[in-house]
Amino acid sequence: MVKFTKDTIIEALLFASVDPVAAGKLAQAAGLEEAEALASIDTLNAQYEREGRAFRIMEISGGYQFRTLPELSEYLKGLARQIAAHRLSHASLETLAIVAYRQPISRVEIEKIRGVSASGVLKTLLEKRLITVCGRAQVLGRPLLYGTTADFLRYFGLADLSHLPRESELQVILSEQEGRMVSQVEPGEEDNGGPTDQQTLL
Amino acid sequence: MVKFTKDTIIEALLFASVDPVAAGKLAQAAGLEEAEALASIDTLNAQYEREGRAFRIMEISGGYQFRTLPELSEYLKGLARQIAAHRLSHASLETLAIVAYRQPISRVEIEKIRGVSASGVLKTLLEKRLITVCGRAQVLGRPLLYGTTADFLRYFGLADLSHLPRESELQVILSEQEGRMVSQVEPGEEDNGGPTDQQTLL
Amino acid sequence: MEDYQVHLDFFEGPMDLLVYLIRKHEIDIYDIPIVLLAEQYLEYVARIENLNLEKAGDFLLMAATLLQIKSRMLLPRPEGSEEEWEDPRMELVEKIVEYMQFKEIADHMRRLEDLSSRQAERGFSEMELYAQEEGEDPGIDATVNELILAFSRVLIRQRTPEPVHRVRREKISAARRAAEIRELLGRKNRVLFSDLLSEGASRLFVVVTLVALLEMAKSGEIRVEQADIFSELWVLRHKLRKDLPALGAEEPEDVDEAEGPPLED
């Protein structure tokens with residue numbers, strides 16, 4: 001076999017995969033340590049930046065994935081499958097938000113928060129693979145519990161759940177809106193910066 | 001919109017498209033002349049060569065498509081094996097679902113439900129330790145009975161079997177599209193149909 | 001005034017409407033003027049027209065809650081125990097705050113969705129080709145979702161020719177239901193309204209039964225009685241016509257002609 005650099009091997013593995021590839025799998029297939037694989041990803045992204053490439057390697061859903069720069073989307077309409085994708089309804093988004101932050105959660109609990117029936121929305125989200133059944137509550141009737149999936153993270157371009165803003169951060173936004181300040185969180189730590197925040201949710 | 005070079009746009013288009021793109025279509029999508037698009041492809045390939053990239057734009061069945069260098073295929077096969085090892089074929093998944101819901105169950109009973117031979121699939125599932133022999137039926141021939149294992153629960157992240165939705169719950173959580181076994185009129189469907197029905201009736 | 005153009009079905013539900021009103025009137029959620037809010041809310045709910053039963057019910061339930069809080073606010077507070085007084089609005093406020101948070105998160109997720117949808121993934125999967133080489137059926141990452149979807153497909157295939165579908169296609173008409181009720185009354189003379197609905201009644205079945213009863217009451221065939229406001233409804237044969245055989249074998253002439261349009265499908 002021809003000799004390739006670590007970087008080239010990592011590049012090939014990720015480029016050939018449409019789905020995000022977990023660092024462990026990636027390293028194993030390349031015959032590298034995980035840290036080496038991650039270092040290669042950094043090197044590659046720096047090169048792409050310098051050379052003006054149309055894509056970057058991004059951390060998505062617990063793995064790594066090539067994606068084009070969002071600024072190019074105008075040119076891709078019609079050819080790329082993702083770009084034209086339909087957006088989720090308000091009801092779906094609200095329900096997903098509740099599931100993401102309160103998982104595992106039952107249908108009844110979701111309905112208590114939204115004040116409306118959730119069964120139709122849950123069906124849609126299950127079929128879109130954005131949520132999954134993940135157990136039963138230990139309460140009367142043992143209702144099914146729902147949680148988010150890997151596809152959920154991929155759909156929203158998230159590395160993991162902790163990249164959603166924390167509820168305490170949202171409290172700040174809310175309070176400011178109401179003309180009040182809650183002091184437990186420092187200003188400037190608002191949701192714009194969310195995705196870099198590494199703290200676990202809840 | 002940010003200004004990108006022709007090359008970057010061509011690169012993004014070829015990266016994102018599912019099938020090989022014909023030169024004419026590519027040029028049209030990028031708002032270029034065909035000759036310009038072809039020139040861009042040459043420019044890009046020359047850059048990839050110089051920078052030691054793992055991929056090239058290749059001419060495939062009358063169009064252009066990104067492919068990784070064939071010399072790297074050994075690494076790709078390695079990752080493909082890892083991925084395949086973690087996956088279940090559709091036949092396996094269906095058989096596994098039948099075992100999970102109807103256990104303990106014999107091969108003959110599974111075959112009656114699926115309408116095809118199950119021995120190959122059962123062998124695969126036994127090898128993957130997702131099912132196990134758990135007894136013999138008290139009928140003529142005393143056939144082996146199969147059931148799911150602890151590995152099965154771990155694989156699907158379930159605390160125990162009761163955490164799977166019951167058959168009656170499947171009807172509620174999956175809509176007509178996916179689970180056409182729903183026997184009663186769906187709430188949503190009834191809502192739509194309801195008013196007109198009433199009108200004709202009165 | 002243009003505000004009245006805003007339709008109720010524009011809102012996701014009662015919580016959504018409440019939040020809208022709170023923002024519109026710049027209400028401090030920690031000191032909600034409950035009288036104003038309830039009034040405003042009811043103005044919208046009064047215009048329920050095109051909503052389906054379920055959604056309308058959700059809005060009405062919240063209306064009842066608001067009115068209940070309003071009435072509790074009017075009760076005199078126990079003297080000297082201001083500390084112990086529990087604000088009747090508290091529970092609602094907590095719910096509103098919680099809901100507003102999730103709306104905030106949903107907005108944030110909309111932005112993430114927008115950004116993510118503009119980043120194209122690689123269109124063609126070479127890895128899939130290699131995975132296929134590994135096995136003819138490249139298979140899927142099996143999750144609980146895939147498992148239950150696979151099992152529902154099995155159930156679908158099994159049930160395709162089953163009577164379930166014949167039931168669905170069976171025509172429930174008001175005339176047929178009237179005939180059933182008539183037969184029942186022929187035997188019993190009177191029957192509890194709730195008993196007419198007890199057989200696993202779908203909403204459609206309830207509607208058909210109601211329509212049948214209304215028709216029968218209109219034509220004077222039956223009478224509906226109630227001992228007092230909240231007690232059970234009794235359906236009675238209007239006149240115990242002695243000239244008729246007990247089993248109602250003789251049906252009114254218009255039955256066949258009134259076979260009525262089928263309700264299903």
# chains A, B, ... in the order shown; residues from 1 in each chain; ligands from 1
>>> residues_around(residues="C:Gln68", least_positions_apart="6", cutoff="10 Å", atoms="only C-alpha atoms", output="list in words")
Ala38, Met62, Pro88 and Arg89 of chain C
>>> residues_around(residues="A:Ala37", least_positions_apart="5", cutoff="12 Å", atoms="only C-alpha atoms", output="list of chain:residue names")
A:Thr5, A:Lys6, A:Asp7, A:Thr8, A:Ile9, A:Ile10, A:Glu11, A:Leu13, A:Leu14, A:Val21, A:Ala22, A:Ala23, A:Gly24, A:Lys25, A:Leu26, A:Ala27, A:Gln28, A:Ala29, A:Ala30, A:Gly31, A:Leu32, A:Asp42, A:Thr43, A:Leu44, A:Gly63, A:Tyr64
>>> write_last_selection(atoms="N, CA and C atoms", output="PDB file, in the first residue's frame")
ATOM      1  N   THR A   5      -0.011  10.160   4.579  1.00  0.00           N
ATOM      2  CA  THR A   5       0.110  10.797   5.891  1.00  0.00           C
ATOM      3  C   THR A   5      -1.144  10.506   6.698  1.00  0.00           C
ATOM      4  N   LYS A   6      -1.014  10.645   8.021  1.00  0.00           N
ATOM      5  CA  LYS A   6      -2.167  10.476   8.916  1.00  0.00           C
ATOM      6  C   LYS A   6      -3.316  11.374   8.468  1.00  0.00           C
ATOM      7  N   ASP A   7      -2.947  12.603   8.149  1.00  0.00           N
ATOM      8  CA  ASP A   7      -3.966  13.578   7.774  1.00  0.00           C
ATOM      9  C   ASP A   7      -4.759  13.112   6.556  1.00  0.00           C
ATOM     10  N   THR A   8      -4.042  12.592   5.566  1.00  0.00           N
ATOM     11  CA  THR A   8      -4.716  12.162   4.341  1.00  0.00           C
ATOM     12  C   THR A   8      -5.671  10.999   4.618  1.00  0.00           C
ATOM     13  N   ILE A   9      -5.249  10.092   5.480  1.00  0.00           N
ATOM     14  CA  ILE A   9      -6.100   8.942   5.805  1.00  0.00           C
ATOM     15  C   ILE A   9      -7.379   9.409   6.512  1.00  0.00           C
ATOM     16  N   ILE A  10      -7.205  10.272   7.490  1.00  0.00           N
ATOM     17  CA  ILE A  10      -8.369  10.816   8.206  1.00  0.00           C
ATOM     18  C   ILE A  10      -9.291  11.553   7.230  1.00  0.00           C
ATOM     19  N   GLU A  11      -8.674  12.322   6.355  1.00  0.00           N
ATOM     20  CA  GLU A  11      -9.456  13.073   5.364  1.00  0.00           C
ATOM     21  C   GLU A  11     -10.275  12.112   4.495  1.00  0.00           C
ATOM     22  N   LEU A  13     -11.262   9.021   5.142  1.00  0.00           N
ATOM     23  CA  LEU A  13     -12.303   8.331   5.904  1.00  0.00           C
ATOM     24  C   LEU A  13     -13.524   9.226   6.098  1.00  0.00           C
ATOM     25  N   LEU A  14     -13.260  10.471   6.447  1.00  0.00           N
ATOM     26  CA  LEU A  14     -14.386  11.380   6.699  1.00  0.00           C
ATOM     27  C   LEU A  14     -15.060  11.815   5.396  1.00  0.00           C
ATOM     28  N   VAL A  21     -18.758  10.388  11.844  1.00  0.00           N
ATOM     29  CA  VAL A  21     -17.994   9.228  12.300  1.00  0.00           C
ATOM     30  C   VAL A  21     -17.414   9.540  13.677  1.00  0.00           C
ATOM     31  N   ALA A  22     -17.669   8.654  14.640  1.00  0.00           N
ATOM     32  CA  ALA A  22     -17.163   8.862  15.997  1.00  0.00           C
ATOM     33  C   ALA A  22     -15.645   8.790  15.996  1.00  0.00           C
ATOM     34  N   ALA A  23     -15.016   9.589  16.865  1.00  0.00           N
ATOM     35  CA  ALA A  23     -13.559   9.671  16.915  1.00  0.00           C
ATOM     36  C   ALA A  23     -12.926   8.294  17.115  1.00  0.00           C
ATOM     37  N   GLY A  24     -13.527   7.492  17.954  1.00  0.00           N
ATOM     38  CA  GLY A  24     -13.003   6.161  18.231  1.00  0.00           C
ATOM     39  C   GLY A  24     -12.930   5.297  16.985  1.00  0.00           C
ATOM     40  N   LYS A  25     -14.032   5.243  16.261  1.00  0.00           N
ATOM     41  CA  LYS A  25     -14.101   4.459  15.023  1.00  0.00           C
ATOM     42  C   LYS A  25     -13.098   4.973  14.006  1.00  0.00           C
ATOM     43  N   LEU A  26     -13.029   6.284  13.918  1.00  0.00           N
ATOM     44  CA  LEU A  26     -12.153   6.944  12.962  1.00  0.00           C
ATOM     45  C   LEU A  26     -10.698   6.555  13.242  1.00  0.00           C
ATOM     46  N   ALA A  27     -10.319   6.678  14.505  1.00  0.00           N
ATOM     47  CA  ALA A  27      -8.951   6.364  14.901  1.00  0.00           C
ATOM     48  C   ALA A  27      -8.637   4.893  14.627  1.00  0.00           C
ATOM     49  N   GLN A  28      -9.580   4.034  14.964  1.00  0.00           N
ATOM     50  CA  GLN A  28      -9.361   2.605  14.772  1.00  0.00           C
ATOM     51  C   GLN A  28      -9.142   2.271  13.293  1.00  0.00           C
ATOM     52  N   ALA A  29     -10.000   2.836  12.443  1.00  0.00           N
ATOM     53  CA  ALA A  29      -9.885   2.550  11.011  1.00  0.00           C
ATOM     54  C   ALA A  29      -8.587   3.104  10.428  1.00  0.00           C
ATOM     55  N   ALA A  30      -8.077   4.175  11.027  1.00  0.00           N
ATOM     56  CA  ALA A  30      -6.858   4.792  10.514  1.00  0.00           C
ATOM     57  C   ALA A  30      -5.618   4.219  11.178  1.00  0.00           C
ATOM     58  N   GLY A  31      -5.829   3.390  12.199  1.00  0.00           N
ATOM     59  CA  GLY A  31      -4.705   2.825  12.938  1.00  0.00           C
ATOM     60  C   GLY A  31      -3.965   3.881  13.757  1.00  0.00           C
ATOM     61  N   LEU A  32      -4.747   4.799  14.324  1.00  0.00           N
ATOM     62  CA  LEU A  32      -4.150   5.893  15.098  1.00  0.00           C
ATOM     63  C   LEU A  32      -4.734   5.935  16.496  1.00  0.00           C
ATOM     64  N   ASP A  42      -7.864  19.030  13.159  1.00  0.00           N
ATOM     65  CA  ASP A  42      -7.507  20.448  13.316  1.00  0.00           C
ATOM     66  C   ASP A  42      -6.590  20.903  12.186  1.00  0.00           C
ATOM     67  N   THR A  43      -5.583  20.081  11.895  1.00  0.00           N
ATOM     68  CA  THR A  43      -4.646  20.410  10.809  1.00  0.00           C
ATOM     69  C   THR A  43      -5.388  20.590   9.492  1.00  0.00           C
ATOM     70  N   LEU A  44      -6.256  19.640   9.190  1.00  0.00           N
ATOM     71  CA  LEU A  44      -6.999  19.673   7.928  1.00  0.00           C
ATOM     72  C   LEU A  44      -7.857  20.928   7.831  1.00  0.00           C
ATOM     73  N   GLY A  63     -19.697  12.847  16.627  1.00  0.00           N
ATOM     74  CA  GLY A  63     -18.687  12.411  15.663  1.00  0.00           C
ATOM     75  C   GLY A  63     -18.208  13.572  14.821  1.00  0.00           C
ATOM     76  N   TYR A  64     -17.571  13.255  13.709  1.00  0.00           N
ATOM     77  CA  TYR A  64     -17.046  14.297  12.829  1.00  0.00           C
ATOM     78  C   TYR A  64     -17.590  14.109  11.420  1.00  0.00           C
TER      79      TYR A  64
END
>>> calpha_fit_rmsd(fixed="chain B", moving="chain A")
18.3 Å
>>> residues_around(residues="C:Glu133", least_positions_apart="6", cutoff="12 Å", atoms="only C-alpha atoms", output="PDB file with N, CA, C and O atoms, in the first residue's frame")
ATOM      1  N   LEU B  76     -10.767   2.613   3.955  1.00  0.00           N
ATOM      2  CA  LEU B  76     -12.216   2.774   3.874  1.00  0.00           C
ATOM      3  C   LEU B  76     -12.921   1.449   4.168  1.00  0.00           C
ATOM      4  O   LEU B  76     -13.942   1.411   4.838  1.00  0.00           O
ATOM      5  N   LYS B  77     -12.340   0.366   3.654  1.00  0.00           N
ATOM      6  CA  LYS B  77     -12.933  -0.949   3.911  1.00  0.00           C
ATOM      7  C   LYS B  77     -12.934  -1.250   5.408  1.00  0.00           C
ATOM      8  O   LYS B  77     -13.873  -1.831   5.932  1.00  0.00           O
ATOM      9  N   GLY B  78     -11.852  -0.854   6.057  1.00  0.00           N
ATOM     10  CA  GLY B  78     -11.766  -1.089   7.496  1.00  0.00           C
ATOM     11  C   GLY B  78     -12.903  -0.396   8.233  1.00  0.00           C
ATOM     12  O   GLY B  78     -13.564  -0.987   9.101  1.00  0.00           O
ATOM     13  N   ALA B  80     -15.728   0.574   6.875  1.00  0.00           N
ATOM     14  CA  ALA B  80     -16.976  -0.026   6.416  1.00  0.00           C
ATOM     15  C   ALA B  80     -17.287  -1.288   7.216  1.00  0.00           C
ATOM     16  O   ALA B  80     -18.433  -1.542   7.572  1.00  0.00           O
ATOM     17  N   ARG B  81     -16.253  -2.070   7.517  1.00  0.00           N
ATOM     18  CA  ARG B  81     -16.462  -3.297   8.300  1.00  0.00           C
ATOM     19  C   ARG B  81     -16.954  -2.957   9.697  1.00  0.00           C
ATOM     20  O   ARG B  81     -17.874  -3.575  10.205  1.00  0.00           O
ATOM     21  N   ILE B  83     -18.599  -0.349  10.577  1.00  0.00           N
ATOM     22  CA  ILE B  83     -19.974   0.132  10.487  1.00  0.00           C
ATOM     23  C   ILE B  83     -20.927  -1.039  10.271  1.00  0.00           C
ATOM     24  O   ILE B  83     -21.944  -1.159  10.951  1.00  0.00           O
ATOM     25  N   ALA B  84     -20.561  -1.914   9.330  1.00  0.00           N
ATOM     26  CA  ALA B  84     -21.431  -3.054   9.022  1.00  0.00           C
ATOM     27  C   ALA B  84     -21.608  -3.942  10.247  1.00  0.00           C
ATOM     28  O   ALA B  84     -22.689  -4.487  10.478  1.00  0.00           O
TER      29      ALA B  84
ATOM     30  N   GLU C 126     -19.514   7.120  -0.466  1.00  0.00           N
ATOM     31  CA  GLU C 126     -18.652   6.016  -0.887  1.00  0.00           C
ATOM     32  C   GLU C 126     -18.653   4.913   0.161  1.00  0.00           C
ATOM     33  O   GLU C 126     -18.560   3.744  -0.151  1.00  0.00           O
ATOM     34  N   MET C 127     -18.749   5.325   1.410  1.00  0.00           N
ATOM     35  CA  MET C 127     -18.722   4.351   2.501  1.00  0.00           C
ATOM     36  C   MET C 127     -19.861   3.350   2.371  1.00  0.00           C
ATOM     37  O   MET C 127     -19.722   2.185   2.684  1.00  0.00           O
ATOM     38  N   GLY C 139     -27.732  -2.833   5.725  1.00  0.00           N
ATOM     39  CA  GLY C 139     -28.307  -2.748   7.057  1.00  0.00           C
ATOM     40  C   GLY C 139     -28.423  -1.332   7.583  1.00  0.00           C
ATOM     41  O   GLY C 139     -28.068  -0.369   6.914  1.00  0.00           O
TER      42      GLY C 139
END
>>> closest_residue(among="C:Met109, C:Leu196, C:Ala131, C:Val45", to="chain A", atoms="only C-alpha atoms")
C:Met109
>>> closest_residue(among="B:Leu158, B:Ala16, B:Ile105, B:Leu164", to="chain C", atoms="only C-alpha atoms")
B:Ala16
>>> residues_around(residues="C:Phe59", least_positions_apart="4", cutoff="8 Å", atoms="only C-alpha atoms", output="JSON, numbers by chain")
{"C": [13, 14, 45, 55, 63]}
>>> atom_distance(atom1="atom CA of A:Gly135", atom2="atom CA of B:Arg166")
11.6 Å
>>> select_by_dssp(residues="stretch 55-85 of chain C", states="helix (DSSP H, G or I)", output="number ranges by chain")
C: 55-74
>>> interface_residues(of="chain C", to="chain A", cutoff="6 Å", atoms="only C-alpha atoms", output="list in words")
Gly13, Ala106, Leu112, Glu113, Ser116, Ser117, Arg118, Gln119, Ala120, Glu121, Arg122, Ser125, Glu126, Met127 and Asn145 of chain C
>>> closest_residue(among="A:Val108, A:Ala150, A:Ile60, A:Leu145", to="chain B", atoms="only C-alpha atoms")
A:Leu145
>>> residues_around(residues="C:His25", least_positions_apart="3", cutoff="12 Å", atoms="only C-alpha atoms", output="short mmCIF file (atom, residue, chain, number, x, y, z; two decimals) with N, CA, C and O atoms, in the first residue's frame")
data_model
loop_
_atom_site.label_atom_id
_atom_site.label_comp_id
_atom_site.auth_asym_id
_atom_site.auth_seq_id
_atom_site.Cartn_x
_atom_site.Cartn_y
_atom_site.Cartn_z
N GLU A 178 -38.59 40.98 30.61
CA GLU A 178 -39.61 41.44 31.54
C GLU A 178 -39.12 42.64 32.35
O GLU A 178 -39.76 43.06 33.28
N LEU C 18 -51.90 32.98 25.98
CA LEU C 18 -51.60 33.73 27.20
C LEU C 18 -50.31 34.55 27.03
O LEU C 18 -50.25 35.73 27.37
N VAL C 19 -49.28 33.88 26.51
CA VAL C 19 -48.00 34.55 26.32
C VAL C 19 -48.15 35.72 25.36
O VAL C 19 -47.61 36.81 25.57
N TYR C 20 -48.94 35.51 24.32
CA TYR C 20 -49.19 36.59 23.36
C TYR C 20 -49.83 37.79 24.04
O TYR C 20 -49.41 38.94 23.86
N LEU C 21 -50.83 37.53 24.86
CA LEU C 21 -51.53 38.62 25.55
C LEU C 21 -50.62 39.34 26.54
O LEU C 21 -50.65 40.56 26.66
N ILE C 22 -49.80 38.55 27.23
CA ILE C 22 -48.88 39.13 28.21
C ILE C 22 -47.89 40.06 27.52
O ILE C 22 -47.60 41.15 28.00
N ASP C 28 -46.50 42.51 33.54
CA ASP C 28 -45.46 41.95 34.40
C ASP C 28 -45.95 40.59 34.87
O ASP C 28 -46.91 40.49 35.62
N ILE C 29 -45.27 39.53 34.43
CA ILE C 29 -45.82 38.20 34.74
C ILE C 29 -45.79 37.89 36.23
O ILE C 29 -46.49 37.02 36.70
N ILE C 32 -49.53 39.60 37.68
CA ILE C 32 -50.50 39.59 36.58
C ILE C 32 -51.83 40.20 37.00
O ILE C 32 -52.41 39.80 38.02
N PRO C 33 -52.30 41.22 36.27
CA PRO C 33 -53.65 41.72 36.52
C PRO C 33 -54.64 40.69 35.97
O PRO C 33 -54.96 40.69 34.77
N LEU C 36 -57.86 41.64 33.93
CA LEU C 36 -57.58 42.05 32.56
C LEU C 36 -57.25 40.86 31.68
O LEU C 36 -57.79 40.68 30.59
N LEU C 37 -56.35 40.02 32.19
CA LEU C 37 -55.89 38.88 31.40
C LEU C 37 -57.06 37.94 31.07
O LEU C 37 -57.23 37.50 29.93
N GLN C 40 -59.33 39.55 28.44
CA GLN C 40 -58.72 39.50 27.12
C GLN C 40 -58.77 38.09 26.55
O GLN C 40 -59.08 37.88 25.39
N TYR C 41 -58.44 37.16 27.42
CA TYR C 41 -58.40 35.76 26.99
C TYR C 41 -59.77 35.31 26.51
O TYR C 41 -59.93 34.72 25.46
#
>>> residues_around(residues="C:Lys70", least_positions_apart="2", cutoff="8 Å", atoms="only C-alpha atoms", output="list in words")
Ile34, Val35, Ala38, Leu66, Leu67, Gln68, Arg72, Met73 and Leu74 of chain C
>>> write_last_selection(atoms="C-alpha atoms", output="compact mmCIF listing (two decimals), in the first residue's frame")
# COMPACT_ATOMS: atom_id res chain seq x y z
CA ILE C 34 -55.78 38.63 36.39
CA VAL C 35 -59.04 40.44 35.66
CA ALA C 38 -59.01 36.77 31.88
CA LEU C 66 -58.41 31.88 34.74
CA LEU C 67 -61.90 32.42 36.05
CA GLN C 68 -61.17 30.26 39.05
CA ARG C 72 -60.06 33.23 44.40
CA MET C 73 -58.35 36.62 44.14
CA LEU C 74 -61.64 38.23 45.16
>>> atom_distance(atom1="atom CA of B:Val99", atom2="atom CA of B:Leu140")
20.7 Å
>>> residues_around(residues="A:Arg136", least_positions_apart="6", cutoff="6 Å", atoms="only C-alpha atoms", output="number ranges by chain")
A: 142-145; B: 163
>>> write_last_selection(atoms="all heavy atoms", output="CSV table (one decimal), in the first residue's frame")
chain,number,residue,atom,x,y,z
A,142,ARG,N,-47.3,3.5,34.1
A,142,ARG,CA,-46.0,3.3,33.5
A,142,ARG,C,-46.0,3.8,32.0
A,142,ARG,O,-45.8,3.1,31.1
A,142,ARG,CB,-45.6,1.8,33.5
A,142,ARG,CG,-45.7,1.2,34.9
A,142,ARG,CD,-44.9,-0.1,35.0
A,142,ARG,NE,-43.5,0.1,34.8
A,142,ARG,CZ,-42.7,-0.7,34.2
A,142,ARG,NH1,-43.2,-1.7,33.5
A,142,ARG,NH2,-41.4,-0.4,34.0
A,143,PRO,N,-46.2,5.1,31.9
A,143,PRO,CA,-46.2,5.7,30.5
A,143,PRO,C,-44.8,5.6,29.8
A,143,PRO,O,-43.8,5.6,30.5
A,143,PRO,CB,-46.6,7.2,30.7
A,143,PRO,CG,-46.2,7.5,32.1
A,143,PRO,CD,-46.4,6.2,32.9
A,144,LEU,N,-44.8,5.6,28.5
A,144,LEU,CA,-43.6,5.6,27.7
A,144,LEU,C,-42.9,6.9,27.9
A,144,LEU,O,-43.5,7.9,28.0
A,144,LEU,CB,-43.9,5.3,26.3
A,144,LEU,CG,-44.4,3.9,25.9
A,144,LEU,CD1,-44.9,3.9,24.4
A,144,LEU,CD2,-43.3,2.9,26.1
A,145,LEU,N,-41.6,6.8,27.9
A,145,LEU,CA,-40.8,8.0,28.0
A,145,LEU,C,-40.1,8.3,26.6
A,145,LEU,O,-39.7,7.3,25.9
A,145,LEU,CB,-39.7,7.9,29.1
A,145,LEU,CG,-40.3,7.8,30.5
A,145,LEU,CD1,-39.2,7.4,31.5
A,145,LEU,CD2,-41.0,9.0,30.9
B,163,HIS,N,-40.0,-2.1,28.8
B,163,HIS,CA,-39.8,-0.8,28.4
B,163,HIS,C,-40.0,-0.6,26.9
B,163,HIS,O,-40.0,0.5,26.4
B,163,HIS,CB,-38.4,-0.3,28.8
B,163,HIS,CG,-38.3,0.1,30.2
B,163,HIS,ND1,-37.7,1.2,30.7
B,163,HIS,CD2,-38.8,-0.5,31.3
B,163,HIS,CE1,-37.7,1.2,32.0
B,163,HIS,NE2,-38.4,0.2,32.4
>>> select_by_dssp(residues="stretch 89-184 of chain A", states="strand (DSSP E or B)", output="JSON, numbers by chain")
{"A": [105, 106, 131, 132, 133, 134, 135, 136, 144, 145, 146, 147, 148]}
>>> write_last_selection(atoms="all heavy atoms", output="compact mmCIF listing (two decimals), in the first residue's frame")
# COMPACT_ATOMS: atom_id res chain seq x y z
N ILE A 105 -38.97 12.00 29.10
CA ILE A 105 -40.21 12.65 29.47
C ILE A 105 -41.40 11.95 28.83
O ILE A 105 -41.29 11.43 27.71
CB ILE A 105 -40.16 14.17 29.08
CG1 ILE A 105 -41.38 14.92 29.61
CG2 ILE A 105 -40.02 14.33 27.57
CD1 ILE A 105 -41.30 16.43 29.45
N SER A 106 -42.51 11.94 29.55
CA SER A 106 -43.71 11.27 29.03
C SER A 106 -44.58 12.24 28.25
O SER A 106 -44.43 13.46 28.36
CB SER A 106 -44.53 10.68 30.18
OG SER A 106 -45.11 11.72 30.93
N ILE A 131 -36.92 11.91 17.73
CA ILE A 131 -37.05 11.43 19.10
C ILE A 131 -37.21 9.91 19.06
O ILE A 131 -37.47 9.33 18.01
CB ILE A 131 -38.25 12.05 19.86
CG1 ILE A 131 -39.57 11.66 19.17
CG2 ILE A 131 -38.12 13.54 19.97
CD1 ILE A 131 -40.80 11.97 20.00
N THR A 132 -37.04 9.30 20.22
CA THR A 132 -37.20 7.85 20.30
C THR A 132 -37.86 7.49 21.63
O THR A 132 -37.83 8.27 22.58
CB THR A 132 -35.84 7.15 20.17
OG1 THR A 132 -36.06 5.73 20.17
CG2 THR A 132 -34.92 7.49 21.33
N VAL A 133 -38.46 6.32 21.65
CA VAL A 133 -38.95 5.77 22.91
C VAL A 133 -37.74 5.34 23.70
O VAL A 133 -36.85 4.69 23.15
CB VAL A 133 -39.85 4.55 22.65
CG1 VAL A 133 -40.19 3.85 23.94
CG2 VAL A 133 -41.09 4.95 21.89
N CYS A 134 -37.64 5.72 24.96
CA CYS A 134 -36.42 5.33 25.69
C CYS A 134 -36.70 4.74 27.06
O CYS A 134 -35.82 4.73 27.90
CB CYS A 134 -35.45 6.50 25.76
SG CYS A 134 -36.10 7.92 26.59
N GLY A 135 -37.90 4.27 27.29
CA GLY A 135 -38.18 3.61 28.56
C GLY A 135 -39.59 3.90 29.05
O GLY A 135 -40.44 4.37 28.28
N ARG A 136 -39.80 3.60 30.31
CA ARG A 136 -41.10 3.85 30.93
C ARG A 136 -40.90 4.56 32.26
O ARG A 136 -39.94 4.29 32.97
CB ARG A 136 -41.83 2.54 31.22
CG ARG A 136 -42.43 1.90 30.01
CD ARG A 136 -43.23 0.68 30.42
NE ARG A 136 -43.57 -0.07 29.23
CZ ARG A 136 -44.59 0.22 28.43
NH1 ARG A 136 -45.38 1.24 28.73
NH2 ARG A 136 -44.81 -0.51 27.36
N LEU A 144 -44.85 5.56 28.50
CA LEU A 144 -43.60 5.55 27.74
C LEU A 144 -42.89 6.88 27.90
O LEU A 144 -43.53 7.92 28.04
CB LEU A 144 -43.91 5.32 26.26
CG LEU A 144 -44.39 3.93 25.88
CD1 LEU A 144 -44.87 3.92 24.43
CD2 LEU A 144 -43.30 2.90 26.08
N LEU A 145 -41.58 6.82 27.88
CA LEU A 145 -40.77 8.04 27.97
C LEU A 145 -40.07 8.28 26.64
O LEU A 145 -39.70 7.34 25.95
CB LEU A 145 -39.73 7.89 29.08
CG LEU A 145 -40.27 7.76 30.50
CD1 LEU A 145 -39.15 7.42 31.47
CD2 LEU A 145 -40.97 9.04 30.92
N TYR A 146 -39.88 9.54 26.31
CA TYR A 146 -39.25 9.90 25.05
C TYR A 146 -37.96 10.67 25.28
O TYR A 146 -37.82 11.38 26.27
CB TYR A 146 -40.20 10.75 24.20
CG TYR A 146 -41.48 10.02 23.88
CD1 TYR A 146 -42.61 10.15 24.68
CD2 TYR A 146 -41.54 9.17 22.78
CE1 TYR A 146 -43.78 9.46 24.39
CE2 TYR A 146 -42.70 8.48 22.47
CZ TYR A 146 -43.82 8.62 23.28
OH TYR A 146 -44.95 7.93 22.99
N GLY A 147 -37.03 10.52 24.33
CA GLY A 147 -35.77 11.25 24.38
C GLY A 147 -35.36 11.61 22.96
O GLY A 147 -35.96 11.15 22.00
N THR A 148 -34.31 12.44 22.86
CA THR A 148 -33.85 12.81 21.52
C THR A 148 -32.86 11.77 20.99
O THR A 148 -32.33 10.97 21.74
CB THR A 148 -33.16 14.19 21.54
OG1 THR A 148 -32.12 14.15 22.52
CG2 THR A 148 -34.13 15.29 21.88
>>> atom_distance(atom1="atom CA of C:Pro76", atom2="atom CA of C:Glu91")
19.5 Å
>>> closest_residue(among="B:Leu38, B:Leu161, B:Glu109, B:Pro104", to="chain A", atoms="only C-alpha atoms")
B:Leu161
